[in-house]
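With mmCIF, C-alpha atoms inside, this is structure-v4.cif:
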```
data_coords
loop_
_atom_site.label_atom_id
_atom_site.label_comp_id
_atom_site.auth_asym_id
_atom_site.auth_seq_id
_atom_site.Cartn_x
_atom_site.Cartn_y
_atom_site.Cartn_z
CA MET A 1 55.88 -59.71 78.65
CA THR A 2 54.50 -60.84 82.00
CA ALA A 3 51.06 -62.41 82.22
CA ASP A 4 48.69 -60.61 84.58
CA ALA A 5 47.10 -62.65 87.34
CA GLU A 6 43.57 -62.51 85.89
CA THR A 7 44.67 -63.76 82.46
CA GLU A 8 46.66 -66.57 84.04
CA LYS A 9 43.71 -67.56 86.22
CA GLU A 10 41.38 -67.68 83.21
CA LEU A 11 43.86 -69.78 81.25
CA ARG A 12 44.32 -72.23 84.12
CA GLU A 13 40.56 -72.59 84.61
CA THR A 14 39.81 -73.06 80.91
CA LEU A 15 42.66 -75.44 80.24
CA GLY A 16 42.13 -77.28 83.52
CA GLY A 17 38.48 -77.84 82.64
CA LEU A 18 39.40 -79.21 79.22
CA LEU A 19 42.00 -81.56 80.70
CA ARG A 20 39.64 -82.83 83.39
CA ARG A 21 37.19 -83.79 80.66
CA ARG A 22 39.65 -85.10 78.10
CA CYS A 23 42.68 -86.26 80.05
CA ASP A 24 41.73 -88.07 83.25
CA ILE A 25 44.15 -90.66 84.60
CA GLU A 26 42.15 -93.57 83.15
CA THR A 27 42.40 -92.07 79.66
CA VAL A 28 46.12 -91.43 80.06
CA ALA A 29 46.71 -94.97 81.36
CA ALA A 30 44.78 -96.54 78.48
CA LEU A 31 46.75 -94.55 75.91
CA ALA A 32 50.12 -95.10 77.62
CA ASP A 33 49.57 -98.85 77.83
CA GLY A 34 48.15 -99.10 74.32
CA PRO A 35 49.48 -98.84 70.76
CA GLU A 36 49.06 -95.07 70.38
CA SER A 37 51.97 -92.82 71.33
CA TRP A 38 50.09 -89.54 71.83
CA ASP A 39 46.63 -87.98 71.93
CA ARG A 40 46.00 -86.37 68.53
CA ASP A 41 42.48 -85.23 69.40
CA LEU A 42 43.65 -83.43 72.53
CA TRP A 43 46.46 -81.82 70.53
CA ARG A 44 43.97 -80.44 68.00
CA GLU A 45 41.95 -78.89 70.83
CA LEU A 46 45.07 -77.32 72.33
CA VAL A 47 46.02 -75.92 68.92
CA ALA A 48 42.51 -74.47 68.55
CA MET A 49 42.98 -72.76 71.94
CA GLY A 50 46.31 -71.32 70.77
CA VAL A 51 48.34 -72.96 73.54
CA PRO A 52 51.33 -74.08 71.39
CA GLY A 53 51.70 -70.52 70.08
CA LEU A 54 51.63 -68.66 73.40
CA THR A 55 55.38 -67.93 73.29
CA VAL A 56 55.52 -67.00 69.60
CA PRO A 57 55.37 -63.27 68.76
CA GLU A 58 52.25 -62.12 66.94
CA GLU A 59 54.29 -61.04 63.92
CA ASN A 60 55.37 -64.69 63.59
CA GLY A 61 51.84 -66.03 63.72
CA GLY A 62 51.65 -66.71 67.46
CA GLU A 63 49.67 -65.41 70.40
CA GLY A 64 52.44 -63.15 71.71
CA ALA A 65 51.60 -63.97 75.33
CA GLY A 66 55.13 -64.94 76.36
CA PHE A 67 56.61 -67.66 78.51
CA SER A 68 55.00 -66.28 81.67
CA LEU A 69 51.64 -67.55 80.45
CA ALA A 70 53.04 -70.63 78.71
CA VAL A 71 54.47 -72.04 81.95
CA ALA A 72 51.04 -71.78 83.59
CA ALA A 73 49.58 -73.81 80.72
CA GLN A 74 52.37 -76.37 80.86
CA GLU A 75 51.91 -76.81 84.60
CA GLU A 76 48.29 -77.78 83.97
CA LEU A 77 49.41 -80.24 81.28
CA GLY A 78 51.91 -81.74 83.71
CA ARG A 79 49.24 -82.19 86.36
CA ARG A 80 47.28 -84.38 83.96
CA LEU A 81 50.29 -86.14 82.39
CA ALA A 82 48.96 -84.90 79.06
CA PRO A 83 50.39 -87.13 76.29
CA VAL A 84 51.05 -84.33 73.78
CA PRO A 85 54.37 -82.98 72.39
CA MET A 86 53.98 -79.46 73.79
CA VAL A 87 57.54 -79.07 75.13
CA SER A 88 59.11 -80.24 71.87
CA VAL A 89 56.86 -78.09 69.68
CA VAL A 90 57.46 -74.94 71.75
CA ALA A 91 61.22 -75.55 71.65
CA ALA A 92 61.09 -76.07 67.89
CA ARG A 93 59.03 -72.93 67.34
CA THR A 94 61.43 -70.96 69.52
CA ALA A 95 64.32 -72.18 67.36
CA LEU A 96 62.48 -71.11 64.21
CA VAL A 97 61.77 -67.64 65.61
CA ALA A 98 65.41 -67.27 66.64
CA ALA A 99 66.64 -68.43 63.20
CA GLY A 100 64.71 -65.71 61.40
CA THR A 101 65.33 -67.15 57.92
CA ASP A 102 62.84 -67.53 55.06
CA GLU A 103 62.73 -71.29 55.61
CA ALA A 104 62.11 -70.77 59.33
CA ALA A 105 59.28 -68.35 58.53
CA ARG A 106 57.73 -70.87 56.13
CA LEU A 107 57.80 -73.60 58.75
CA LEU A 108 56.42 -71.27 61.41
CA GLY A 109 53.49 -70.57 59.14
CA ARG A 110 52.77 -74.28 58.76
CA VAL A 111 53.15 -74.98 62.47
CA GLY A 112 50.85 -72.09 63.32
CA SER A 113 48.13 -72.55 60.71
CA GLU A 114 48.12 -76.34 60.44
CA GLY A 115 49.04 -77.29 64.01
CA MET A 116 51.98 -79.22 62.57
CA THR A 117 54.19 -80.91 65.15
CA ALA A 118 57.97 -80.55 65.19
CA THR A 119 60.85 -81.58 67.40
CA LEU A 120 64.59 -81.05 67.64
CA ALA A 121 66.93 -83.87 66.63
CA VAL A 122 70.07 -83.01 68.55
CA GLY A 123 72.89 -84.63 70.42
CA ARG A 124 72.26 -85.17 74.12
CA THR A 125 74.80 -85.06 76.92
CA THR A 126 74.45 -84.71 80.68
CA ASP A 127 75.33 -81.03 80.18
CA GLY A 128 72.72 -80.24 77.56
CA TRP A 129 72.06 -80.23 73.83
CA THR A 130 74.79 -80.38 71.19
CA PRO A 131 74.95 -81.00 67.44
CA ALA A 132 73.96 -84.58 66.63
CA GLU A 133 77.12 -86.67 66.65
CA GLY A 134 77.88 -88.38 63.37
CA VAL A 135 75.21 -86.55 61.35
CA LEU A 136 76.82 -84.86 58.35
CA ALA A 137 75.25 -82.32 56.00
CA VAL A 138 76.51 -82.06 52.42
CA GLU A 139 75.53 -79.35 49.94
CA GLY A 140 75.15 -80.43 46.33
CA SER A 141 73.69 -79.03 43.13
CA ALA A 142 70.20 -80.09 44.21
CA GLY A 143 70.53 -78.70 47.74
CA TRP A 144 71.45 -80.14 51.13
CA THR A 145 71.36 -83.80 52.12
CA LEU A 146 71.90 -85.39 55.54
CA ASP A 147 73.46 -88.72 56.50
CA GLY A 148 73.69 -90.29 59.94
CA THR A 149 71.60 -91.38 62.90
CA VAL A 150 70.14 -89.46 65.83
CA PRO A 151 69.59 -92.21 68.44
CA VAL A 152 67.24 -90.44 70.88
CA ILE A 153 64.69 -87.77 69.98
CA ALA A 154 61.93 -86.67 72.33
CA ASP A 155 58.44 -86.90 70.81
CA ALA A 156 59.85 -88.31 67.57
CA PRO A 157 56.78 -90.55 66.97
CA CYS A 158 54.62 -87.41 67.07
CA ALA A 159 56.71 -85.20 64.78
CA ALA A 160 55.85 -84.12 61.25
CA VAL A 161 59.15 -82.22 60.96
CA PHE A 162 62.56 -82.80 62.52
CA LEU A 163 64.94 -79.90 63.10
CA VAL A 164 68.28 -81.68 62.84
CA ALA A 165 71.49 -80.22 64.24
CA ALA A 166 74.12 -81.49 61.80
CA GLU A 167 77.77 -80.78 61.03
CA THR A 168 78.46 -79.05 57.71
CA GLY A 169 82.25 -79.12 57.66
CA VAL A 170 82.47 -75.41 58.46
CA GLY A 171 80.42 -75.65 61.66
CA PRO A 172 77.09 -77.05 62.84
CA ALA A 173 73.82 -75.88 61.31
CA LEU A 174 70.11 -76.58 61.74
CA PHE A 175 68.14 -78.33 59.00
CA ALA A 176 64.50 -79.26 58.51
CA VAL A 177 63.61 -82.76 57.30
CA GLU A 178 60.32 -84.60 57.09
CA PRO A 179 59.72 -88.34 57.64
CA GLN A 180 60.08 -90.19 54.32
CA ASP A 181 61.92 -93.13 52.76
CA ARG A 182 65.30 -91.54 53.49
CA CYS A 183 64.32 -90.29 56.96
CA VAL A 184 63.15 -93.29 58.92
CA MET A 185 61.90 -92.98 62.49
CA THR A 186 62.12 -96.00 64.79
CA PRO A 187 60.37 -95.93 68.19
CA VAL A 188 62.63 -96.30 71.23
CA ASP A 189 61.51 -97.77 74.57
CA ALA A 190 60.79 -94.89 76.95
CA LEU A 191 60.58 -94.79 80.73
CA ASP A 192 57.70 -92.36 80.37
CA PRO A 193 55.17 -93.51 77.74
CA THR A 194 53.40 -90.14 77.84
CA ARG A 195 56.50 -88.60 76.23
CA PRO A 196 57.58 -91.12 73.55
CA LEU A 197 61.09 -91.36 72.14
CA GLY A 198 62.41 -92.34 68.75
CA ALA A 199 65.57 -92.70 66.68
CA VAL A 200 65.93 -91.25 63.20
CA GLY A 201 68.13 -92.68 60.47
CA LEU A 202 69.06 -90.36 57.60
CA THR A 203 70.38 -91.66 54.29
CA ALA A 204 71.12 -88.97 51.68
CA CYS A 205 67.99 -87.31 53.05
CA PRO A 206 66.95 -84.03 51.39
CA ALA A 207 67.04 -81.20 53.90
CA ARG A 208 66.36 -77.48 54.02
CA LEU A 209 68.70 -75.10 55.80
CA VAL A 210 67.00 -73.33 58.72
CA ALA A 211 69.99 -71.72 60.47
CA GLY A 212 73.58 -71.62 59.28
CA PRO A 213 76.77 -72.02 61.33
CA ASP A 214 76.91 -68.30 62.13
CA ALA A 215 73.55 -68.38 63.92
CA PHE A 216 73.49 -71.99 65.12
CA ASP A 217 74.75 -71.50 68.69
CA ASP A 218 72.21 -68.77 69.47
CA VAL A 219 69.36 -70.74 67.88
CA LEU A 220 70.16 -73.94 69.77
CA ARG A 221 70.57 -72.06 73.05
CA SER A 222 67.19 -70.36 72.57
CA ALA A 223 65.51 -73.70 71.92
CA GLU A 224 67.20 -75.35 74.88
CA ARG A 225 66.15 -72.56 77.25
CA ALA A 226 62.57 -72.87 76.06
CA ALA A 227 62.61 -76.63 76.56
CA LEU A 228 64.10 -76.29 80.05
CA VAL A 229 61.51 -73.77 81.22
CA LEU A 230 58.60 -75.79 79.83
CA LEU A 231 59.99 -79.01 81.33
CA ALA A 232 60.38 -77.22 84.66
CA ALA A 233 56.77 -76.02 84.54
CA ASP A 234 55.63 -79.53 83.64
CA ALA A 235 57.61 -80.86 86.63
CA VAL A 236 55.87 -78.36 88.93
CA GLY A 237 52.53 -79.66 87.69
CA VAL A 238 53.60 -83.26 88.30
CA ALA A 239 54.78 -82.39 91.81
CA ALA A 240 51.65 -80.39 92.63
CA GLU A 241 49.32 -83.20 91.61
CA ALA A 242 51.40 -85.80 93.49
CA MET A 243 51.25 -83.58 96.57
CA ASP A 244 47.47 -83.28 96.27
CA LEU A 245 47.14 -87.05 95.97
CA ALA A 246 49.28 -87.53 99.08
CA VAL A 247 47.40 -84.94 101.13
CA GLU A 248 44.00 -86.33 100.15
CA TYR A 249 45.08 -89.86 101.07
CA ALA A 250 46.55 -88.68 104.38
CA ARG A 251 43.28 -86.90 105.15
CA THR A 252 41.04 -89.88 104.46
CA ARG A 253 43.13 -92.98 105.29
CA GLN A 254 42.42 -94.18 108.82
CA GLN A 255 44.92 -96.04 110.98
CA PHE A 256 44.69 -96.69 114.73
CA GLY A 257 41.34 -94.91 114.72
CA ARG A 258 42.57 -91.62 113.24
CA ALA A 259 43.57 -90.12 109.90
CA ILE A 260 47.22 -90.85 109.10
CA GLY A 261 47.67 -87.15 108.31
CA SER A 262 47.41 -86.45 112.03
CA PHE A 263 50.71 -88.24 112.63
CA GLN A 264 53.71 -85.94 112.62
CA ALA A 265 55.83 -88.06 110.31
CA VAL A 266 53.13 -87.86 107.62
CA SER A 267 52.02 -84.27 108.17
CA HIS A 268 55.58 -82.95 108.18
CA ARG A 269 56.32 -84.77 104.94
CA CYS A 270 53.25 -83.26 103.30
CA ALA A 271 54.25 -79.81 104.58
CA ASN A 272 57.71 -80.24 103.09
CA MET A 273 56.10 -81.16 99.78
CA LEU A 274 54.15 -77.90 99.80
CA VAL A 275 57.26 -75.83 100.50
CA ALA A 276 59.14 -77.59 97.70
CA VAL A 277 56.34 -77.15 95.17
CA GLU A 278 55.82 -73.46 95.92
CA SER A 279 59.56 -72.77 95.82
CA ALA A 280 59.90 -74.49 92.45
CA ARG A 281 56.84 -72.69 91.08
CA ALA A 282 58.29 -69.31 92.09
CA LEU A 283 61.63 -70.09 90.41
CA VAL A 284 59.90 -71.21 87.21
CA ALA A 285 57.82 -68.03 87.13
CA ALA A 286 61.00 -65.97 87.54
CA ALA A 287 62.73 -67.92 84.76
CA ALA A 288 59.75 -67.42 82.43
CA GLY A 289 59.84 -63.69 83.13
CA ALA A 290 63.57 -63.67 82.40
CA LEU A 291 62.93 -65.35 79.04
CA ASP A 292 60.30 -62.76 78.16
CA GLU A 293 62.73 -59.94 78.98
CA LEU A 294 66.13 -61.30 78.00
CA GLY A 295 69.05 -60.09 80.09
CA PRO A 296 72.47 -61.13 81.39
CA ASP A 297 70.91 -63.31 84.11
CA THR A 298 68.46 -65.20 81.87
CA ASP A 299 70.56 -68.33 81.47
CA THR A 300 71.20 -68.47 85.22
CA ALA A 301 67.51 -68.09 86.06
CA VAL A 302 66.52 -70.81 83.60
CA SER A 303 69.18 -73.28 84.76
CA LEU A 304 68.39 -72.84 88.46
CA ALA A 305 64.63 -73.08 87.93
CA ALA A 306 64.94 -76.23 85.85
CA ALA A 307 67.33 -77.88 88.32
CA GLU A 308 65.06 -77.14 91.26
CA ALA A 309 61.79 -78.09 89.56
CA LEU A 310 63.07 -81.33 88.05
CA GLU A 311 64.47 -82.52 91.39
CA THR A 312 61.37 -81.37 93.25
CA ALA A 313 59.10 -83.46 91.04
CA VAL A 314 61.07 -86.62 91.78
CA VAL A 315 61.28 -85.96 95.53
CA VAL A 316 57.59 -85.06 95.89
CA VAL A 317 56.37 -88.06 93.90
CA GLN A 318 58.60 -90.32 95.97
CA GLY A 319 57.01 -88.76 99.06
CA CYS A 320 53.58 -89.42 97.59
CA LEU A 321 54.51 -93.09 97.21
CA GLN A 322 55.63 -93.25 100.83
CA VAL A 323 52.44 -91.63 102.13
CA HIS A 324 50.33 -94.13 100.20
CA GLY A 325 52.30 -97.08 101.55
CA GLY A 326 51.83 -100.36 99.72
CA MET A 327 48.94 -99.03 97.66
CA GLY A 328 51.24 -96.47 96.06
CA PHE A 329 53.39 -99.24 94.59
CA THR A 330 50.54 -100.95 92.75
CA TRP A 331 50.16 -100.69 88.98
CA GLU A 332 46.58 -99.47 89.35
CA HIS A 333 47.59 -96.40 91.36
CA PRO A 334 48.74 -93.43 89.23
CA ALA A 335 51.78 -92.60 91.40
CA HIS A 336 54.16 -94.67 89.27
CA ARG A 337 53.09 -92.75 86.16
CA TYR A 338 53.97 -89.45 87.82
CA LEU A 339 57.31 -90.85 88.97
CA ARG A 340 58.15 -92.03 85.48
CA ARG A 341 57.31 -88.62 84.00
CA ALA A 342 59.44 -86.90 86.63
CA LYS A 343 62.46 -89.19 86.28
CA ALA A 344 62.40 -89.19 82.48
CA ALA A 345 62.24 -85.38 82.36
CA GLU A 346 65.54 -85.11 84.24
CA ALA A 347 67.39 -86.63 81.29
CA LEU A 348 65.66 -84.87 78.40
CA VAL A 349 67.95 -81.81 78.31
CA ALA A 350 70.51 -81.72 81.14
CA LEU A 351 70.81 -83.27 84.59
CA PRO A 352 69.93 -81.03 87.57
CA ASP A 353 73.43 -81.04 89.09
CA ARG A 354 74.93 -80.02 85.73
CA LEU A 355 72.37 -77.23 85.44
CA ARG A 356 73.41 -75.88 88.83
CA GLU A 357 77.05 -76.14 87.82
CA ARG A 358 76.24 -74.25 84.62
CA ALA A 359 74.50 -71.51 86.61
CA ALA A 360 77.41 -71.22 89.04
CA THR A 361 79.92 -71.03 86.20
CA GLY A 362 77.87 -68.32 84.53
CA MET A 363 77.86 -66.21 87.68
CA LEU A 364 81.61 -66.46 88.34
CA PRO A 365 82.70 -63.78 85.86
CA ALA A 366 80.30 -61.36 87.52
CA ALA A 367 81.53 -62.18 91.02
#
```
So that I can check it, write out the structure of this file as structure tokens.
Amino acid sequence: MTADAETEKELRETLGGLLRRRCDIETVAALADGPESWDRDLWRELVAMGVPGLTVPEENGGEGAGFSLAVAAQEELGRRLAPVPMVSVVAARTALVAAGTDEAARLLGRVGSEGMTATLAVGRTTDGWTPAEGVLAVEGSAGWTLDGTVPVIADAPCAAVFLVAAETGVGPALFAVEPQDRCVMTPVDALDPTRPLGAVGLTACPARLVAGPDAFDDVLRSAERAALVLLAADAVGVAAEAMDLAVEYARTRQQFGRAIGSFQAVSHRCANMLVAVESARALVAAAAGALDELGPDTDTAVSLAAAEALETAVVVVQGCLQVHGGMGFTWEHPAHRYLRRAKAAEALVALPDRLRERAATGMLPAA
């Protein structure tokens, strides 16, 4: 379903107001540079608003609003560098909906009613997500157990449940495990502290089957598409805020008796930022619509939107740094936090050039 303009406007205004009160740059900086890895209080407020469940059908306990509205919400979160695991939770919930099993339904109920956080523990390559290498699932009389290590998991320090992509011997499958003595999470240094990373070690860890080998590929692809679209929307928010910072500074900073924005080199760069941001936003909106109405071009739309938005965020934030000059390179200025969010996002699922290659390969059979 496609969100109408009035509903989207109301969501942006309501969520934007909350984030301005609860998630200003000073708050984000204090949390990012402190011992906490995410903002639990903000997450509870977002859960109360129903934001994590926007993409989940009503029959599965969600809001049933679709990705078209979810990307608008994620853009606002990106603008404020919100330190919450929204992308990971939406991807996990999408995987559970796609799995359609009793265990998936049970977990969806907990995620929806309790605001429980979840993330995918998968293998990561430059081309995208894969089963976690070296993680083996064994079925015994008491059920499934997992052994192995997943070295990098996005939002692992925030997760109450891990959806682990493990090998069963007859093909990969998706399992649910919860942190415990036999499932140990270790924080990993992250370029972007607003999106923490962790490694998980599994030792004969009890697990529950969420999706078997027959459904695994479709489930993982659904989760990856959701993550890509939400990351792309987040990147648009990062780019839009960096552009606003650059334009405001160019308007007010005086040099040689005039605002630096009056110089062509600066004004043209700001204009190019606007074109890039609007282009990326349009592609993300198209990709979200394609996810809401699945078709043969959905994967292509998602890959192209993510590639464009992720690159745009990096380029625009770099432009913001240049417009600010030396001030933009100081620790006190927020520009470096936006750059770190943008650069880290490029590696969370698949690199932009690989996404474009994937889109081109997908279109070849139709050519």
Next on the checklist: Taking the file as I've supplied it (selection: the PyMOL selection byres ((chain A and resi 201) around 6)), which residues are included? Please answer as an MDAnalysis selection string.
Outcome noted: chainID A and resid 149 183:184 200 202
Item to check | Point-to-point distance from atom CA of Gly100 of chain A to atom CA of Gly66 of chain A, Å rounded to tenths | outcome: 17.8 Å
Can you check which parts of segment 15-117 of chain A lie within 12 Å of segment 300-318 of chain A? Per residue, the shortest pair of atoms and distance in Å to one decimal, counting all atoms listed in the file, sorted by chain and number, as a tab-separated table.
```
residue	atom	partner	partner_atom	distance
A:Phe67	CA	A:Val302	CA	11.6
A:Val71	CA	A:Ala305	CA	11.8
A:Glu75	CA	A:Ala309	CA	11.1
A:Gly78	CA	A:Ala313	CA	10.4
A:Arg79	CA	A:Ala313	CA	11.0
```
Checklist entry - Exactly which residues make up the result of the PyMOL selection byres ((chain A and resi 204-218) around 10) on this file, given as a PyMOL selection string? => result chain A and resi 95-96+98-107+130-131+136-139+142-148+162-184+201-203+219-224
Item to check | Protein/DNA/RNA residues near (77.6, -73.6, 85.2), cut 12 Å, all atoms listed in the file, as a PyMOL selection string | outcome: chain A and resi 127-128+299-304+307+350-365
Checklist entry - What is the distance between atom CA of Gly61 of chain A and atom CA of Val97 of chain A, in Å to one decimal? => result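 So the answer is 10.2 Å.
The residue set within 8 Å of segment 331-335 of chain A, counting only C-alpha atoms and dropping same-chain residues fewer than 3 places from it, reads A:Ile25, A:Ala242, A:Val317, A:Cys320, A:Leu321, A:Met327, A:Gly328, A:Tyr338, A:Leu339.
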Next on the checklist: Expand the PyMOL selection byres ((chain A and resi 287) around 8) into the explicit residue set it covers here, and present it as a VMD selection string.
Outcome noted: chain A and resid 229 283 to 286 288 to 291 298 301 to 302 305
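Remark: for Asp244 of chain A, the closest of the candidate residues A:Ala282, A:Leu274, A:Ala72, A:Val266 is A:Leu274 (distances computed over only C-alpha atoms).
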Item to check | Residue with smallest distance to Thr186 of chain A - pool A:Glu59, A:Ser262, A:Ala160, A:Val150, counting only C-alpha atoms | outcome: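 Closest residue, counting only C-alpha atoms: A:Val150.
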